[in-house]
Amino acid sequence: MFDFFKDIKYELSIVEDELKSVVRSSDPLITETSVHLISAGGKRLRPAFCLLGGKFFNNNLDKLIPLAVALELIHMATLVHDDVVDSSLLRRGMPTVKAQWGNKISSHIGDYLLGKSLILISRYENPLIPKVLADTSVKMCEGEILQISTSFDTDQNIRDYFYRINRKTALLISASCQLGAVACGAPVRLHQALRRFGHHIGMAFQITDDILDMTAEQIKLGKPVGGDLRQGIITLPAIYALRQSPGRERLYELIVNRNKSEEEVNEAITLITECGGIEYSFNIAEKYIAKAKKELAALPDVPVKKTMLAIADFVGVRKY
């Protein structure tokens, strides 16, 4: 757990216990697979943002905990489905549900987790909470389907990339920041600023994630490096390099090759790095982080504001 979560350490421990409790079933296989997924850990960014958002106004834990758990369940459901689609055997350094129980069980466990999140969300009387999460869930699916349908497509541009990662990642982080405040009764001005903060942080987070897929150490990343290139997912560093690299013709050949060797993946990463694709992408992520900080500047000067600023800084420099 990161140091900047120290102010919500107690609340996050409740979320962790509730996650394990909520997914338990009379069916031992459902319990085993679900608890395996939770025990693999994770950053818990979405519930953390929900809890932090609530601290800007009223901080009602009874309202926040079910929502924080639901947000993490939605996120976990997408990860289980992603692992099936991507044939991923490792996540966070541990075998995936797909690796241990296969595609059929994994697909239904993802649906089970999503269903459990719906039960928690149904408790809220404020219609904005289910509306935002329903819209977000639909758009997340659109983003994932778009990613699959455009794999190995080198004609994608930066606008296409931003559209996709907004749906894939930024929207749920944005909803987490906003709805924590909404659940506590915050005024529109406050929770809309948190929504915008979350959007900018979410965009920066995914861009950084895509950079790390090419630059991180596998042991820190918790999964094989270069996974996006193997799957034909065209991310920001590659989009830049396909237009700017002196070796762009060779890079094109490597990216469209559906059966890349380890050496070819490394060659593609080298071409992307040498032409400045990584540096360019980091600069774009930094611009989003600056926008996020600007949104925070207009919010009340409560202690949690410093925590949110620290998270923004972390997103820009993280190595995993």
# chains A, B, ... in the order shown; residues from 1 in each chain; ligands from 1
$ residues_around --residues "region 8-11 of chain A" --least-positions-apart "6" --cutoff "8 Å" --atoms "only C-alpha atoms" --output "list in words"
Ala48, Leu51, Leu52, Leu61 and Ile65 of chain A
$ residues_around --residues "Asp7 (chain A)" --least-positions-apart "6" --cutoff "12 Å" --atoms "only C-alpha atoms" --output "ChimeraX atom specification"
/A:1,13,48-49,51-52,55,303-308
$ write_last_selection --atoms "C-alpha atoms" --output "PDB file, in the first residue's frame"
ATOM      1  CA  MET A   1       0.000   0.000   0.000  1.00  0.00           C
ATOM      2  CA  SER A  13      -8.734  -2.386   5.129  1.00  0.00           C
ATOM      3  CA  ALA A  48      -9.077   4.801  -2.870  1.00  0.00           C
ATOM      4  CA  PHE A  49     -10.225   7.643  -5.128  1.00  0.00           C
ATOM      5  CA  LEU A  51     -12.820   7.253  -0.342  1.00  0.00           C
ATOM      6  CA  LEU A  52     -10.661  10.329  -0.923  1.00  0.00           C
ATOM      7  CA  LYS A  55     -13.315  13.280   2.382  1.00  0.00           C
ATOM      8  CA  PRO A 303      -6.008  17.724   4.245  1.00  0.00           C
ATOM      9  CA  VAL A 304      -6.876  15.114   1.623  1.00  0.00           C
ATOM     10  CA  LYS A 305      -6.080  17.597  -1.140  1.00  0.00           C
ATOM     11  CA  LYS A 306      -2.346  17.069  -0.521  1.00  0.00           C
ATOM     12  CA  THR A 307      -2.884  13.325  -0.847  1.00  0.00           C
ATOM     13  CA  MET A 308      -4.566  13.773  -4.216  1.00  0.00           C
TER      14      MET A 308
END
$ closest_atom_pairs --of "region 226-257 of chain A" --to "region 74-90 of chain A" --cutoff "12 Å" --atoms "only C-alpha atoms" --output "CSV"
residue,atom,partner,partner_atom,distance
A:Gly227,CA,A:Asp86,CA,9.0
A:Asp228,CA,A:Asp86,CA,9.5
A:Leu229,CA,A:Asp86,CA,11.9
A:Arg230,CA,A:Asp86,CA,9.9
A:Gln231,CA,A:Asp86,CA,7.4
A:Gly232,CA,A:Asp86,CA,10.7
A:Ile233,CA,A:Asp86,CA,10.7
$ select_by_dssp --residues "region 40-255 of chain A" --states "helix (DSSP H, G or I)" --output "PyMOL selection string"
chain A and resi 45-54+61-86+97-121+128-149+158-183+188-215+218-221+227-231+236-244+248-255
$ write_last_selection --atoms "C-alpha atoms" --output "compact mmCIF listing (two decimals), in the first residue's frame"
# COMPACT_ATOMS: atom_id res chain seq x y z
CA LEU A 45 -6.84 3.03 -6.94
CA ARG A 46 -10.55 3.15 -7.72
CA PRO A 47 -11.81 2.50 -4.18
CA ALA A 48 -9.08 4.80 -2.87
CA PHE A 49 -10.22 7.64 -5.13
CA CYS A 50 -13.80 7.02 -4.02
CA LEU A 51 -12.82 7.25 -0.34
CA LEU A 52 -10.66 10.33 -0.92
CA GLY A 53 -13.44 12.03 -2.87
CA GLY A 54 -15.76 11.50 0.08
CA LEU A 61 -18.31 5.73 5.53
CA ASP A 62 -21.65 3.94 5.45
CA LYS A 63 -22.23 5.53 2.05
CA LEU A 64 -18.67 5.15 0.79
CA ILE A 65 -17.70 1.55 1.56
CA PRO A 66 -20.32 -0.26 -0.60
CA LEU A 67 -19.55 2.10 -3.49
CA ALA A 68 -15.78 1.62 -3.11
CA VAL A 69 -16.24 -2.16 -3.14
CA ALA A 70 -18.53 -1.99 -6.18
CA LEU A 71 -15.98 0.10 -8.11
CA GLU A 72 -13.21 -2.42 -7.45
CA LEU A 73 -15.49 -5.31 -8.42
CA ILE A 74 -16.25 -3.62 -11.76
CA HIS A 75 -12.52 -3.12 -12.34
CA MET A 76 -11.71 -6.72 -11.38
CA ALA A 77 -14.43 -8.04 -13.69
CA THR A 78 -12.80 -6.25 -16.62
CA LEU A 79 -9.39 -7.68 -15.69
CA VAL A 80 -10.71 -11.26 -15.64
CA HIS A 81 -12.31 -10.77 -19.05
CA ASP A 82 -9.14 -9.09 -20.38
CA ASP A 83 -7.06 -12.08 -19.32
CA VAL A 84 -9.34 -14.38 -21.32
CA VAL A 85 -9.20 -12.17 -24.41
CA ASP A 86 -5.42 -11.68 -24.13
CA VAL A 97 -7.91 -17.11 -13.07
CA LYS A 98 -7.72 -18.03 -16.76
CA ALA A 99 -4.39 -19.79 -16.20
CA GLN A 100 -5.65 -21.88 -13.28
CA TRP A 101 -9.30 -22.51 -14.15
CA GLY A 102 -9.60 -21.86 -17.88
CA ASN A 103 -11.63 -19.54 -20.10
CA LYS A 104 -15.12 -20.76 -19.26
CA ILE A 105 -14.78 -20.32 -15.50
CA SER A 106 -12.96 -17.00 -15.97
CA SER A 107 -15.69 -15.56 -18.19
CA HIS A 108 -18.41 -16.41 -15.72
CA ILE A 109 -16.39 -15.22 -12.71
CA GLY A 110 -16.08 -11.84 -14.43
CA ASP A 111 -19.86 -11.77 -14.90
CA TYR A 112 -20.34 -12.86 -11.28
CA LEU A 113 -18.21 -9.99 -9.98
CA LEU A 114 -20.10 -7.50 -12.14
CA GLY A 115 -23.39 -8.86 -10.85
CA LYS A 116 -22.20 -8.48 -7.27
CA SER A 117 -21.30 -4.86 -7.98
CA LEU A 118 -24.83 -4.23 -9.27
CA ILE A 119 -26.30 -5.46 -5.98
CA LEU A 120 -24.19 -2.95 -4.07
CA ILE A 121 -24.98 -0.10 -6.45
CA LEU A 128 -26.63 9.81 -10.50
CA ILE A 129 -24.61 6.92 -9.03
CA PRO A 130 -26.17 4.05 -11.05
CA LYS A 131 -26.47 6.30 -14.11
CA VAL A 132 -22.77 7.22 -14.16
CA LEU A 133 -21.69 3.62 -13.51
CA ALA A 134 -24.05 2.20 -16.15
CA ASP A 135 -22.84 4.70 -18.76
CA THR A 136 -19.24 4.05 -17.75
CA SER A 137 -19.64 0.27 -17.99
CA VAL A 138 -21.11 0.53 -21.51
CA LYS A 139 -18.33 2.83 -22.68
CA MET A 140 -15.65 0.61 -21.12
CA CYS A 141 -16.97 -2.27 -23.22
CA GLU A 142 -16.93 -0.03 -26.30
CA GLY A 143 -13.30 0.83 -25.59
CA GLU A 144 -12.27 -2.81 -25.20
CA ILE A 145 -14.11 -3.88 -28.36
CA LEU A 146 -12.54 -1.00 -30.28
CA GLN A 147 -9.12 -2.11 -29.06
CA ILE A 148 -9.72 -5.65 -30.31
CA SER A 149 -11.18 -4.55 -33.65
CA ILE A 158 -3.46 10.03 -31.58
CA ARG A 159 -7.13 11.06 -31.46
CA ASP A 160 -8.16 7.40 -31.93
CA TYR A 161 -5.85 6.42 -29.09
CA PHE A 162 -7.22 9.06 -26.69
CA TYR A 163 -10.80 8.06 -27.52
CA ARG A 164 -9.99 4.43 -26.72
CA ILE A 165 -8.10 4.93 -23.46
CA ASN A 166 -10.71 7.36 -22.17
CA ARG A 167 -13.27 4.56 -22.41
CA LYS A 168 -10.94 1.76 -21.38
CA THR A 169 -9.46 3.38 -18.28
CA ALA A 170 -10.12 7.05 -17.59
CA LEU A 171 -13.90 6.89 -17.26
CA LEU A 172 -13.93 4.48 -14.31
CA ILE A 173 -11.23 6.44 -12.48
CA SER A 174 -13.17 9.64 -13.18
CA ALA A 175 -16.37 8.03 -11.85
CA SER A 176 -14.53 6.85 -8.72
CA CYS A 177 -13.34 10.37 -7.89
CA GLN A 178 -16.73 11.92 -8.60
CA LEU A 179 -19.09 9.40 -7.02
CA GLY A 180 -17.33 9.25 -3.65
CA ALA A 181 -18.25 12.91 -3.25
CA VAL A 182 -21.73 12.37 -4.72
CA ALA A 183 -22.45 9.57 -2.24
CA VAL A 188 -22.37 19.71 -8.18
CA ARG A 189 -19.46 22.16 -8.45
CA LEU A 190 -17.32 20.01 -6.17
CA HIS A 191 -18.06 16.58 -7.60
CA GLN A 192 -17.75 17.82 -11.20
CA ALA A 193 -14.26 19.16 -10.45
CA LEU A 194 -13.35 15.76 -8.99
CA ARG A 195 -14.76 14.08 -12.09
CA ARG A 196 -12.50 16.19 -14.31
CA PHE A 197 -9.52 15.53 -12.03
CA GLY A 198 -10.20 11.80 -12.33
CA HIS A 199 -10.43 12.00 -16.11
CA HIS A 200 -7.04 13.67 -16.42
CA ILE A 201 -5.41 11.29 -13.94
CA GLY A 202 -6.99 8.31 -15.70
CA MET A 203 -5.63 9.40 -19.07
CA ALA A 204 -2.15 9.93 -17.60
CA PHE A 205 -2.35 6.58 -15.81
CA GLN A 206 -3.11 4.64 -19.00
CA ILE A 207 -0.46 6.45 -21.03
CA THR A 208 2.08 5.63 -18.31
CA ASP A 209 0.83 2.04 -18.28
CA ASP A 210 1.46 1.80 -22.02
CA ILE A 211 4.95 3.24 -21.58
CA LEU A 212 5.73 0.74 -18.81
CA ASP A 213 4.65 -2.11 -21.08
CA MET A 214 7.74 -1.29 -23.09
CA THR A 215 10.17 -0.09 -20.42
CA GLN A 218 8.97 -7.81 -15.83
CA ILE A 219 9.29 -8.61 -12.13
CA LYS A 220 8.00 -5.13 -11.24
CA LEU A 221 5.32 -5.07 -13.92
CA GLY A 227 2.53 -7.54 -24.29
CA ASP A 228 0.81 -4.78 -26.26
CA LEU A 229 3.14 -5.22 -29.23
CA ARG A 230 2.57 -8.98 -29.22
CA GLN A 231 -1.20 -8.46 -29.28
CA LEU A 236 0.93 6.19 -28.02
CA PRO A 237 4.71 5.50 -28.21
CA ALA A 238 4.17 3.29 -31.27
CA ILE A 239 1.80 5.79 -32.96
CA TYR A 240 4.45 8.50 -32.58
CA ALA A 241 7.27 6.25 -33.81
CA LEU A 242 5.34 5.04 -36.87
CA ARG A 243 5.33 8.65 -38.04
CA GLN A 244 8.66 9.94 -36.74
CA ARG A 248 9.40 3.39 -39.47
CA GLU A 249 9.18 0.99 -42.42
CA ARG A 250 10.90 -1.72 -40.40
CA LEU A 251 8.79 -0.82 -37.35
CA TYR A 252 5.65 -1.20 -39.47
CA GLU A 253 6.77 -4.69 -40.51
CA LEU A 254 7.40 -5.65 -36.89
CA ILE A 255 4.08 -4.29 -35.59
$ atom_distance --atom1 "CA of Ala290 (chain A)" --atom2 "CA of Gly277 (chain A)"
20.2 Å
$ decode --residues "region 46-137 of chain A" --atoms "C-alpha atoms" --output "PDB file, in the first residue's frame"
ATOM      1  CA  ARG A  46     -10.549   3.153  -7.724  1.00  0.00           C
ATOM      2  CA  PRO A  47     -11.812   2.504  -4.179  1.00  0.00           C
ATOM      3  CA  ALA A  48      -9.077   4.801  -2.870  1.00  0.00           C
ATOM      4  CA  PHE A  49     -10.225   7.643  -5.128  1.00  0.00           C
ATOM      5  CA  CYS A  50     -13.800   7.024  -4.019  1.00  0.00           C
ATOM      6  CA  LEU A  51     -12.820   7.253  -0.342  1.00  0.00           C
ATOM      7  CA  LEU A  52     -10.661  10.329  -0.923  1.00  0.00           C
ATOM      8  CA  GLY A  53     -13.439  12.033  -2.866  1.00  0.00           C
ATOM      9  CA  GLY A  54     -15.760  11.504   0.079  1.00  0.00           C
ATOM     10  CA  LYS A  55     -13.315  13.280   2.382  1.00  0.00           C
ATOM     11  CA  PHE A  56     -13.895  16.507   0.473  1.00  0.00           C
ATOM     12  CA  PHE A  57     -17.473  16.564   1.786  1.00  0.00           C
ATOM     13  CA  ASN A  58     -19.088  14.861   4.791  1.00  0.00           C
ATOM     14  CA  ASN A  59     -17.052  11.596   4.599  1.00  0.00           C
ATOM     15  CA  ASN A  60     -19.914   9.200   5.356  1.00  0.00           C
ATOM     16  CA  LEU A  61     -18.307   5.732   5.526  1.00  0.00           C
ATOM     17  CA  ASP A  62     -21.654   3.940   5.449  1.00  0.00           C
ATOM     18  CA  LYS A  63     -22.234   5.528   2.052  1.00  0.00           C
ATOM     19  CA  LEU A  64     -18.667   5.153   0.791  1.00  0.00           C
ATOM     20  CA  ILE A  65     -17.696   1.545   1.556  1.00  0.00           C
ATOM     21  CA  PRO A  66     -20.321  -0.258  -0.601  1.00  0.00           C
ATOM     22  CA  LEU A  67     -19.551   2.095  -3.493  1.00  0.00           C
ATOM     23  CA  ALA A  68     -15.782   1.624  -3.114  1.00  0.00           C
ATOM     24  CA  VAL A  69     -16.236  -2.158  -3.139  1.00  0.00           C
ATOM     25  CA  ALA A  70     -18.527  -1.987  -6.181  1.00  0.00           C
ATOM     26  CA  LEU A  71     -15.982   0.098  -8.108  1.00  0.00           C
ATOM     27  CA  GLU A  72     -13.212  -2.418  -7.446  1.00  0.00           C
ATOM     28  CA  LEU A  73     -15.489  -5.312  -8.423  1.00  0.00           C
ATOM     29  CA  ILE A  74     -16.246  -3.616 -11.758  1.00  0.00           C
ATOM     30  CA  HIS A  75     -12.522  -3.119 -12.340  1.00  0.00           C
ATOM     31  CA  MET A  76     -11.713  -6.716 -11.377  1.00  0.00           C
ATOM     32  CA  ALA A  77     -14.426  -8.038 -13.687  1.00  0.00           C
ATOM     33  CA  THR A  78     -12.805  -6.246 -16.617  1.00  0.00           C
ATOM     34  CA  LEU A  79      -9.385  -7.680 -15.687  1.00  0.00           C
ATOM     35  CA  VAL A  80     -10.709 -11.255 -15.645  1.00  0.00           C
ATOM     36  CA  HIS A  81     -12.308 -10.766 -19.053  1.00  0.00           C
ATOM     37  CA  ASP A  82      -9.139  -9.087 -20.383  1.00  0.00           C
ATOM     38  CA  ASP A  83      -7.063 -12.080 -19.320  1.00  0.00           C
ATOM     39  CA  VAL A  84      -9.339 -14.379 -21.318  1.00  0.00           C
ATOM     40  CA  VAL A  85      -9.195 -12.169 -24.413  1.00  0.00           C
ATOM     41  CA  ASP A  86      -5.421 -11.675 -24.131  1.00  0.00           C
ATOM     42  CA  SER A  87      -4.658 -15.277 -23.079  1.00  0.00           C
ATOM     43  CA  SER A  88      -2.736 -13.824 -20.115  1.00  0.00           C
ATOM     44  CA  LEU A  89      -1.221 -16.322 -17.705  1.00  0.00           C
ATOM     45  CA  LEU A  90       0.265 -13.819 -15.241  1.00  0.00           C
ATOM     46  CA  ARG A  91      -1.096 -10.723 -13.548  1.00  0.00           C
ATOM     47  CA  ARG A  92       0.680  -8.962 -10.688  1.00  0.00           C
ATOM     48  CA  GLY A  93       3.168 -11.807 -10.717  1.00  0.00           C
ATOM     49  CA  MET A  94       0.529 -14.452  -9.953  1.00  0.00           C
ATOM     50  CA  PRO A  95      -1.294 -16.958 -12.186  1.00  0.00           C
ATOM     51  CA  THR A  96      -4.509 -15.504 -13.597  1.00  0.00           C
ATOM     52  CA  VAL A  97      -7.911 -17.111 -13.066  1.00  0.00           C
ATOM     53  CA  LYS A  98      -7.725 -18.028 -16.760  1.00  0.00           C
ATOM     54  CA  ALA A  99      -4.388 -19.794 -16.198  1.00  0.00           C
ATOM     55  CA  GLN A 100      -5.645 -21.877 -13.277  1.00  0.00           C
ATOM     56  CA  TRP A 101      -9.301 -22.511 -14.147  1.00  0.00           C
ATOM     57  CA  GLY A 102      -9.603 -21.860 -17.884  1.00  0.00           C
ATOM     58  CA  ASN A 103     -11.631 -19.538 -20.103  1.00  0.00           C
ATOM     59  CA  LYS A 104     -15.122 -20.758 -19.261  1.00  0.00           C
ATOM     60  CA  ILE A 105     -14.778 -20.320 -15.497  1.00  0.00           C
ATOM     61  CA  SER A 106     -12.957 -16.997 -15.966  1.00  0.00           C
ATOM     62  CA  SER A 107     -15.687 -15.558 -18.192  1.00  0.00           C
ATOM     63  CA  HIS A 108     -18.412 -16.413 -15.718  1.00  0.00           C
ATOM     64  CA  ILE A 109     -16.391 -15.216 -12.709  1.00  0.00           C
ATOM     65  CA  GLY A 110     -16.080 -11.839 -14.432  1.00  0.00           C
ATOM     66  CA  ASP A 111     -19.857 -11.770 -14.901  1.00  0.00           C
ATOM     67  CA  TYR A 112     -20.344 -12.859 -11.277  1.00  0.00           C
ATOM     68  CA  LEU A 113     -18.205  -9.988  -9.980  1.00  0.00           C
ATOM     69  CA  LEU A 114     -20.096  -7.502 -12.144  1.00  0.00           C
ATOM     70  CA  GLY A 115     -23.389  -8.865 -10.847  1.00  0.00           C
ATOM     71  CA  LYS A 116     -22.201  -8.480  -7.267  1.00  0.00           C
ATOM     72  CA  SER A 117     -21.302  -4.857  -7.979  1.00  0.00           C
ATOM     73  CA  LEU A 118     -24.834  -4.229  -9.270  1.00  0.00           C
ATOM     74  CA  ILE A 119     -26.303  -5.465  -5.984  1.00  0.00           C
ATOM     75  CA  LEU A 120     -24.194  -2.955  -4.065  1.00  0.00           C
ATOM     76  CA  ILE A 121     -24.985  -0.097  -6.450  1.00  0.00           C
ATOM     77  CA  SER A 122     -28.726  -0.794  -6.218  1.00  0.00           C
ATOM     78  CA  ARG A 123     -28.666   0.358  -2.577  1.00  0.00           C
ATOM     79  CA  TYR A 124     -28.122   3.994  -3.531  1.00  0.00           C
ATOM     80  CA  GLU A 125     -31.083   6.334  -3.822  1.00  0.00           C
ATOM     81  CA  ASN A 126     -29.213   9.062  -5.699  1.00  0.00           C
ATOM     82  CA  PRO A 127     -29.908   8.233  -9.375  1.00  0.00           C
ATOM     83  CA  LEU A 128     -26.631   9.812 -10.501  1.00  0.00           C
ATOM     84  CA  ILE A 129     -24.609   6.916  -9.030  1.00  0.00           C
ATOM     85  CA  PRO A 130     -26.173   4.051 -11.048  1.00  0.00           C
ATOM     86  CA  LYS A 131     -26.472   6.305 -14.113  1.00  0.00           C
ATOM     87  CA  VAL A 132     -22.772   7.215 -14.156  1.00  0.00           C
ATOM     88  CA  LEU A 133     -21.689   3.621 -13.512  1.00  0.00           C
ATOM     89  CA  ALA A 134     -24.052   2.204 -16.147  1.00  0.00           C
ATOM     90  CA  ASP A 135     -22.841   4.705 -18.756  1.00  0.00           C
ATOM     91  CA  THR A 136     -19.240   4.054 -17.745  1.00  0.00           C
ATOM     92  CA  SER A 137     -19.643   0.265 -17.995  1.00  0.00           C
TER      93      SER A 137
END
